[in-house]
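Participant: The following block contains the structure, expressed as structure tokens.
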Amino acid sequence: MADDEVKVAWEKAEKAITKGKGESALKILRDVDPNGTEQTTLRLAGHATWLEAKSGNNRTDYRRAASLLRDATKKNPRDKKADRTYNELLNEMQDKGISETAFPRLINDGTPTPAGIVAIFLGVVVVLAGINVANRGATTTDIVDLELTWNSGANSGIVTIELYPDDAPIHVENFKLLVENGDYDGTIFHRVIDDFMIQGGDFTNQDGTGGHAAKWFGYCNGDPGVAESNCQRTSHTIPDEADNGLMHEPCTISMAKTSAPHTGGSQFFLIPNDSTPSWLDGQHTVFGQITSGCQHVTAISGVETAESDRPIEDVELVSATFVGSETIPWYQFW
């Protein structure tokens, strides 16, 4: 049973949550129960993490909150608050197209799900065990910083992007390779449309007619039937992953391409915080989220443009830097 000090901390955390201060609540909980041993700690931490997920529209935090609340309900199935909060969170995640885990859940409370039954039927016992561990194990994200300048260098800022290799593995691999190769350094955002998006990544022609994939991914201008030996490097493209459930929400990154399938290469676009181009859902692949600096994208989207939506004064991507990868255990809320 929790002592009086822990109970007082829970009350303070609950008040912080009521005021919408998720990080403050998490700090209180970290100090009093750093290992999350108490069921109430898990419930409050899950709720607080949900607040943080909503404020940043962060898929990783959504999944982390779901893990905490799921364990809170398992520890005390009679806790109606935990059960209600967990169900409300899952409904919101479903509306946003966010899966509860990076992999399909095979077993739920000891009962095989439909996916688990199929896997068992196929006899992939070892793989089953591995996926089940991964399901509870971790969510991986890759972090990239974009250094931007605009208005002849009068304005500058850093845009931090969290990439989702679990949801769009090929797009993330391609983008990371282009970043690590330095292909994006010194390029421009050649197409800017207010209340819509800013587009860049054409490192060959700088006008939207060029760019290509970082390596051979099996497609030549969208055609999977052409051998690599018969395809010029400038025609290398990547397959669509637009059915991954990620939507074109404010402050996301998506792959630019032609109207034909599998024609993405290196060009991408960033969506400002006042735009939700949902008509692109299922057509273009969203593969990450802006976690810091989206205000710079919004500011750039309002610059003066000329023919073909090209900014009158260059918007430069000075450098793109791969910061690193982050793997977050399911239980960690501190």
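Within each chain, counting starts at residue 1; across the structure tokens, chains are named A, B, ... in the order shown, with ligands numbered 1 upward in that order.
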I'd like the contact shell of stretch 2-16 of chain A - 10 Å cut-off, only C-alpha atoms, skipping same-chain residues fewer than 3 positions apart - returned as a short mmCIF file (atom, residue, chain, number, x, y, z; two decimals) with C-alpha atoms, in the first residue's frame.
Facilitator:
```
data_model
loop_
_atom_site.label_atom_id
_atom_site.label_comp_id
_atom_site.auth_asym_id
_atom_site.auth_seq_id
_atom_site.Cartn_x
_atom_site.Cartn_y
_atom_site.Cartn_z
CA LYS A 19 -4.67 22.15 -15.41
CA GLY A 20 -3.25 20.58 -18.56
CA LYS A 21 0.32 20.48 -17.22
CA GLY A 22 1.41 17.03 -18.29
CA GLU A 23 5.17 17.47 -17.88
CA SER A 24 4.72 18.93 -14.37
CA ALA A 25 2.65 15.90 -13.38
CA LEU A 26 5.28 13.54 -14.79
CA LYS A 27 8.03 15.27 -12.79
CA ILE A 28 6.05 14.81 -9.59
CA LEU A 29 5.51 11.13 -10.37
CA ARG A 30 9.14 10.53 -11.31
CA ASP A 31 10.29 11.91 -7.98
CA VAL A 32 7.93 9.83 -5.84
CA ASP A 33 7.71 6.54 -7.79
CA THR A 37 5.52 0.32 -9.20
CA GLU A 38 2.15 1.69 -8.08
CA GLN A 39 -0.96 1.26 -10.24
CA THR A 40 -2.12 4.84 -9.60
CA THR A 41 1.27 6.12 -10.72
CA LEU A 44 -1.62 9.24 -13.82
CA ALA A 45 1.58 8.93 -15.84
CA HIS A 47 -2.85 10.47 -18.59
CA ALA A 48 -0.04 13.03 -18.27
#
```
Participant: Find the spatial neighbours of stretch 219-230 of chain A, counting only C-alpha atoms, within a cut-off of 9 Å - ignore same-chain residues fewer than 5 positions away - and output them as a list in words.
Facilitator: Ser235, His236, Thr237, Ile238, Pro239, Ala260, Pro261, His262, Thr263, Gly264 and Gly265 of chain A
Participant: Residues at most 7 Å from stretch 278-285 of chain A, counting only C-alpha atoms, excluding those fewer than 3 positions away in the same chain, as a count of residues only?
Facilitator: 9
Participant: Assign secondary structure with DSSP using the backbone only, and return the residues of stretch 164-333 of chain A in alpha helix (DSSP H) as an mmCIF file with N, CA and C atoms, in the first residue's frame.
Facilitator:
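Listing of selection_10.cif after writing:
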```cif
data_model
loop_
_atom_site.group_PDB
_atom_site.id
_atom_site.type_symbol
_atom_site.label_atom_id
_atom_site.label_comp_id
_atom_site.auth_asym_id
_atom_site.auth_seq_id
_atom_site.Cartn_x
_atom_site.Cartn_y
_atom_site.Cartn_z
ATOM 1 N N PRO A 169 9.378 2.509 -43.406
ATOM 2 C CA PRO A 169 10.799 2.134 -43.367
ATOM 3 C C PRO A 169 11.609 2.552 -44.584
ATOM 4 N N ILE A 170 11.030 2.417 -45.778
ATOM 5 C CA ILE A 170 11.788 2.755 -46.982
ATOM 6 C C ILE A 170 11.965 4.269 -47.107
ATOM 7 N N HIS A 171 10.914 5.014 -46.841
ATOM 8 C CA HIS A 171 11.018 6.476 -46.913
ATOM 9 C C HIS A 171 12.019 7.016 -45.908
ATOM 10 N N VAL A 172 11.996 6.467 -44.698
ATOM 11 C CA VAL A 172 12.930 6.938 -43.678
ATOM 12 C C VAL A 172 14.358 6.566 -44.046
ATOM 13 N N GLU A 173 14.572 5.353 -44.522
ATOM 14 C CA GLU A 173 15.919 4.951 -44.940
ATOM 15 C C GLU A 173 16.430 5.858 -46.058
ATOM 16 N N ASN A 174 15.592 6.106 -47.048
ATOM 17 C CA ASN A 174 15.981 6.959 -48.170
ATOM 18 C C ASN A 174 16.313 8.371 -47.706
ATOM 19 N N PHE A 175 15.447 8.946 -46.863
ATOM 20 C CA PHE A 175 15.654 10.311 -46.374
ATOM 21 C C PHE A 175 16.939 10.396 -45.554
ATOM 22 N N LYS A 176 17.157 9.419 -44.674
ATOM 23 C CA LYS A 176 18.365 9.420 -43.847
ATOM 24 C C LYS A 176 19.619 9.322 -44.707
ATOM 25 N N LEU A 177 19.610 8.475 -45.731
ATOM 26 C CA LEU A 177 20.772 8.351 -46.607
ATOM 27 C C LEU A 177 21.066 9.668 -47.314
ATOM 28 N N LEU A 178 20.017 10.333 -47.801
ATOM 29 C CA LEU A 178 20.207 11.620 -48.475
ATOM 30 C C LEU A 178 20.765 12.658 -47.508
ATOM 31 N N VAL A 179 20.279 12.629 -46.265
ATOM 32 C CA VAL A 179 20.791 13.550 -45.239
ATOM 33 C C VAL A 179 22.257 13.255 -44.956
ATOM 34 N N GLU A 180 22.574 11.986 -44.718
ATOM 35 C CA GLU A 180 23.939 11.613 -44.368
ATOM 36 C C GLU A 180 24.915 11.830 -45.519
ATOM 37 N N CYS A 294 8.129 24.168 -35.925
ATOM 38 C CA CYS A 294 7.078 24.229 -36.948
ATOM 39 C C CYS A 294 6.666 25.672 -37.232
ATOM 40 N N GLN A 295 6.900 26.556 -36.255
ATOM 41 C CA GLN A 295 6.568 27.963 -36.476
ATOM 42 C C GLN A 295 7.400 28.556 -37.614
ATOM 43 N N HIS A 296 8.595 28.005 -37.824
ATOM 44 C CA HIS A 296 9.435 28.481 -38.932
ATOM 45 C C HIS A 296 8.831 28.047 -40.273
ATOM 46 N N VAL A 297 8.323 26.832 -40.320
ATOM 47 C CA VAL A 297 7.670 26.344 -41.539
ATOM 48 C C VAL A 297 6.454 27.207 -41.860
ATOM 49 N N THR A 298 5.686 27.553 -40.833
ATOM 50 C CA THR A 298 4.502 28.391 -41.027
ATOM 51 C C THR A 298 4.896 29.774 -41.518
ATOM 52 N N ALA A 299 5.964 30.326 -40.954
ATOM 53 C CA ALA A 299 6.435 31.647 -41.387
ATOM 54 C C ALA A 299 6.895 31.612 -42.837
ATOM 55 N N ILE A 300 7.628 30.566 -43.201
ATOM 56 C CA ILE A 300 8.125 30.446 -44.573
ATOM 57 C C ILE A 300 6.978 30.285 -45.560
ATOM 58 N N SER A 301 5.921 29.594 -45.148
ATOM 59 C CA SER A 301 4.797 29.376 -46.071
ATOM 60 C C SER A 301 4.124 30.684 -46.478
#
```
Participant: Find the residues near stretch 305-311 of chain A: any atom within 10 Å, counting only C-alpha atoms, skip ones fewer than 5 places away on the same chain, and give them as a PyMOL selection string.
Facilitator: chain A and resi 150-151+188-194+198-199+207-208+300
Participant: Separation of atom CA of A:Ala168 and atom CA of A:Gln289, in Å?
Facilitator: 12.1 Å
Participant: Kindly give the distance, in Å, that separates atom CA of A:Arg70 and atom CA of A:Thr141, rounded to a single decimal.
Facilitator: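 That distance, rounded to one decimal, is 21.7 Å.
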Participant: Quick check, in Å to one decimal: how far apart do atom CA of A:Phe217 and atom CA of A:Asn205 lie?
Facilitator: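 Answer for the atom CA of A:Phe217 to atom CA of A:Asn205 separation: 21.7 Å.
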